[in-house]
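Report on the structure given below.
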Amino acid sequence: MNPSSKPDAQPAVLLELILLTLIPLFLPATGSNPDQARAAALQTIGAWGSDDPADLLLIAQSVTFSLAALDTIRLSTQPGHAPATILRLRGNAVSLGRSADRARSALHRRHTPAPRLRPAAPRPAPPAQPVAPTRPDPARTAAWAAAFTGLAHEVAAGADAGDPTMRLRANALSSAASTLLSVPQARPPLG
C-alpha cells in the first residue's frame, strides 16, 4: 500500500497544504517569523476542533476569507488611495466576508443533524356549510341595467352606419341590460 494513500496520511498532506496557504497571511502579525506564523495558523485551525478532511477545507476557507477580508479593510484605510480604490477594496472585503460566512454555514450544516419530520396526521375536512342562495338587490340590478342601456344608446349613436363592430357592442350591452332585468327579484320577507 502506498503511504500517501493511507487515510491518516491524507489529512496530514491536506493540513500541510492548508498551512502553506495560511502562513503568509499570518506573517505580518508575527514579524515575518515563519515558525510563529505556522504555529498561529495551526492554533487557528485547531480551535475548530476537527481533523475531518471535508471540515478542514471549510475551516481553511473560512479562516482564509476572514483574514483576507480583514487585510483588505486594512489596505483600504492606508492613506493615498483614490476614493474609487477604497470603495473597490471595501466591496472586496464584503464579498470575502460573505464567502467566509458561507464556509462557516456549510461547516455548521455538516454537523447539525437534519430534523426528523413526523408525517402530519391527516385532518378531516370540515363539514360543508350550506350556503343560502342570495338574490340580487333590485335597486342595484336596475341601476346596472340602466347603465348598460344608456351605454348601448351612446355606442349606437356614435357608431358609423357601416361599422358592424359597434352595432354588435350596442346589441351586447342591450342584451346584458335585458338579462339583468329578467332575473327574478328577491321578495321582501313576510313579517
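Chain labels run A, B, ... following the order of the C-alpha cells; each chain numbers its residues from 1, and ligands are numbered from 1 in the order shown.
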Residue neighbourhood A:Leu27, 10 Å, only C-alpha atoms, exclusion window fewer than 4 positions, as number ranges by chain: A: 22-23, 31-38, 40-41
So that I have them on file, write out the residues from the current selection with C-alpha atoms, as an mmCIF file, in the first residue's frame.
```cif
data_model
loop_
_atom_site.group_PDB
_atom_site.id
_atom_site.type_symbol
_atom_site.label_atom_id
_atom_site.label_comp_id
_atom_site.auth_asym_id
_atom_site.auth_seq_id
_atom_site.Cartn_x
_atom_site.Cartn_y
_atom_site.Cartn_z
ATOM 1 C CA LEU A 22 -2.369 30.342 5.718
ATOM 2 C CA ILE A 23 1.232 31.013 6.841
ATOM 3 C CA GLY A 31 7.199 39.992 12.455
ATOM 4 C CA SER A 32 7.810 37.778 9.386
ATOM 5 C CA ASN A 33 8.697 34.805 11.586
ATOM 6 C CA PRO A 34 7.570 31.670 9.643
ATOM 7 C CA ASP A 35 7.671 29.404 12.722
ATOM 8 C CA GLN A 36 5.375 31.717 14.679
ATOM 9 C CA ALA A 37 3.124 32.137 11.629
ATOM 10 C CA ARG A 38 2.894 28.343 11.278
ATOM 11 C CA ALA A 40 -0.604 30.682 14.746
ATOM 12 C CA ALA A 41 -2.146 29.001 11.676
#
```
Shell around A:Leu17 at 12 Å using only C-alpha atoms, local window under 3 positions removed, as JSON, numbers by chain: {"A": [10, 11, 12, 13, 14, 20, 21, 22, 23, 38, 41, 42, 53, 56, 57, 60]}
Kindly save the residues from that selection, with C-alpha atoms included, as a PDB file, in the first residue's frame.
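Dumped to out.pdb:
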```pdb
ATOM      1  CA  GLN A  10      -4.288  12.269   3.622  1.00  0.00           C
ATOM      2  CA  PRO A  11      -5.340  14.691   6.383  1.00  0.00           C
ATOM      3  CA  ALA A  12      -1.657  15.425   7.124  1.00  0.00           C
ATOM      4  CA  VAL A  13      -0.991  16.290   3.485  1.00  0.00           C
ATOM      5  CA  LEU A  14      -4.170  18.368   3.334  1.00  0.00           C
ATOM      6  CA  LEU A  20       1.171  26.687   3.297  1.00  0.00           C
ATOM      7  CA  THR A  21      -1.795  28.846   2.271  1.00  0.00           C
ATOM      8  CA  LEU A  22      -2.369  30.342   5.718  1.00  0.00           C
ATOM      9  CA  ILE A  23       1.232  31.013   6.841  1.00  0.00           C
ATOM     10  CA  ARG A  38       2.894  28.343  11.278  1.00  0.00           C
ATOM     11  CA  ALA A  41      -2.146  29.001  11.676  1.00  0.00           C
ATOM     12  CA  LEU A  42      -2.128  25.599  13.434  1.00  0.00           C
ATOM     13  CA  PRO A  53     -10.710  16.446   5.568  1.00  0.00           C
ATOM     14  CA  LEU A  56     -10.508  21.128   7.197  1.00  0.00           C
ATOM     15  CA  LEU A  57     -11.274  22.559   3.765  1.00  0.00           C
ATOM     16  CA  ALA A  60      -9.428  26.815   5.813  1.00  0.00           C
TER      17      ALA A  60
END
```
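Distance check against A:Ala152 using only C-alpha atoms: of A:Leu168, A:Leu25, A:Ile86, A:Leu173, the minimum falls on A:Leu173.
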Students should find that atom CA of A:Pro83 and atom CA of A:Ser62 are spaced 28.5 Å
| request: With a distance cut-off of 6 Å and only C-alpha atoms, select the neighbouring residues of stretch 67-80 of chain A, excluding the residue or stretch itself and same-chain residues fewer than 4 positions from it, and output the selection as a list in words. | output: Ile86, Leu89, Ala93, Leu96 and Gly97 of chain A
- List every residue of stretch 57-165 of chain A that DSSP, applied to the backbone of this structure, assigns to alpha helix (DSSP H), and report them as number ranges by chain. A: 57-76, 83-111, 138-158, 164-165
Students should find that atom CA of A:Asp51 and atom CA of A:Ala39 are spaced 16.4 Å
Requested in this report: Using only C-alpha atoms, find the one residue out of A:Asp101, A:Ala176, A:Thr30, A:Arg167 that sits nearest to A:Ala147.
Outcome: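 Looking at the shortest contact to A:Ala147, the residue is A:Ala176.
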All residues 10 Å or closer to A:Ala172, only C-alpha atoms, same chain fewer than 5 positions away omitted, as a ChimeraX atom specification: /A:148-149,152,166-167,177-178
Of A:Thr44, A:Ser66, A:Gln61, A:Gln129, the one sitting nearest A:Val94 when using only C-alpha atoms is A:Ser66
- Query: Any idea what the distance is between atom CA of A:Gly150 and atom CA of A:Asp137?
  - Reply: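 That distance, rounded to one decimal, is 20.0 Å.
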Nearest-residue call for A:Ala106, choices A:Leu181, A:Trp144, A:Glu154, A:Leu58, using only C-alpha atoms =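 Ranked by minimum distance to A:Ala106, first place goes to A:Leu58.
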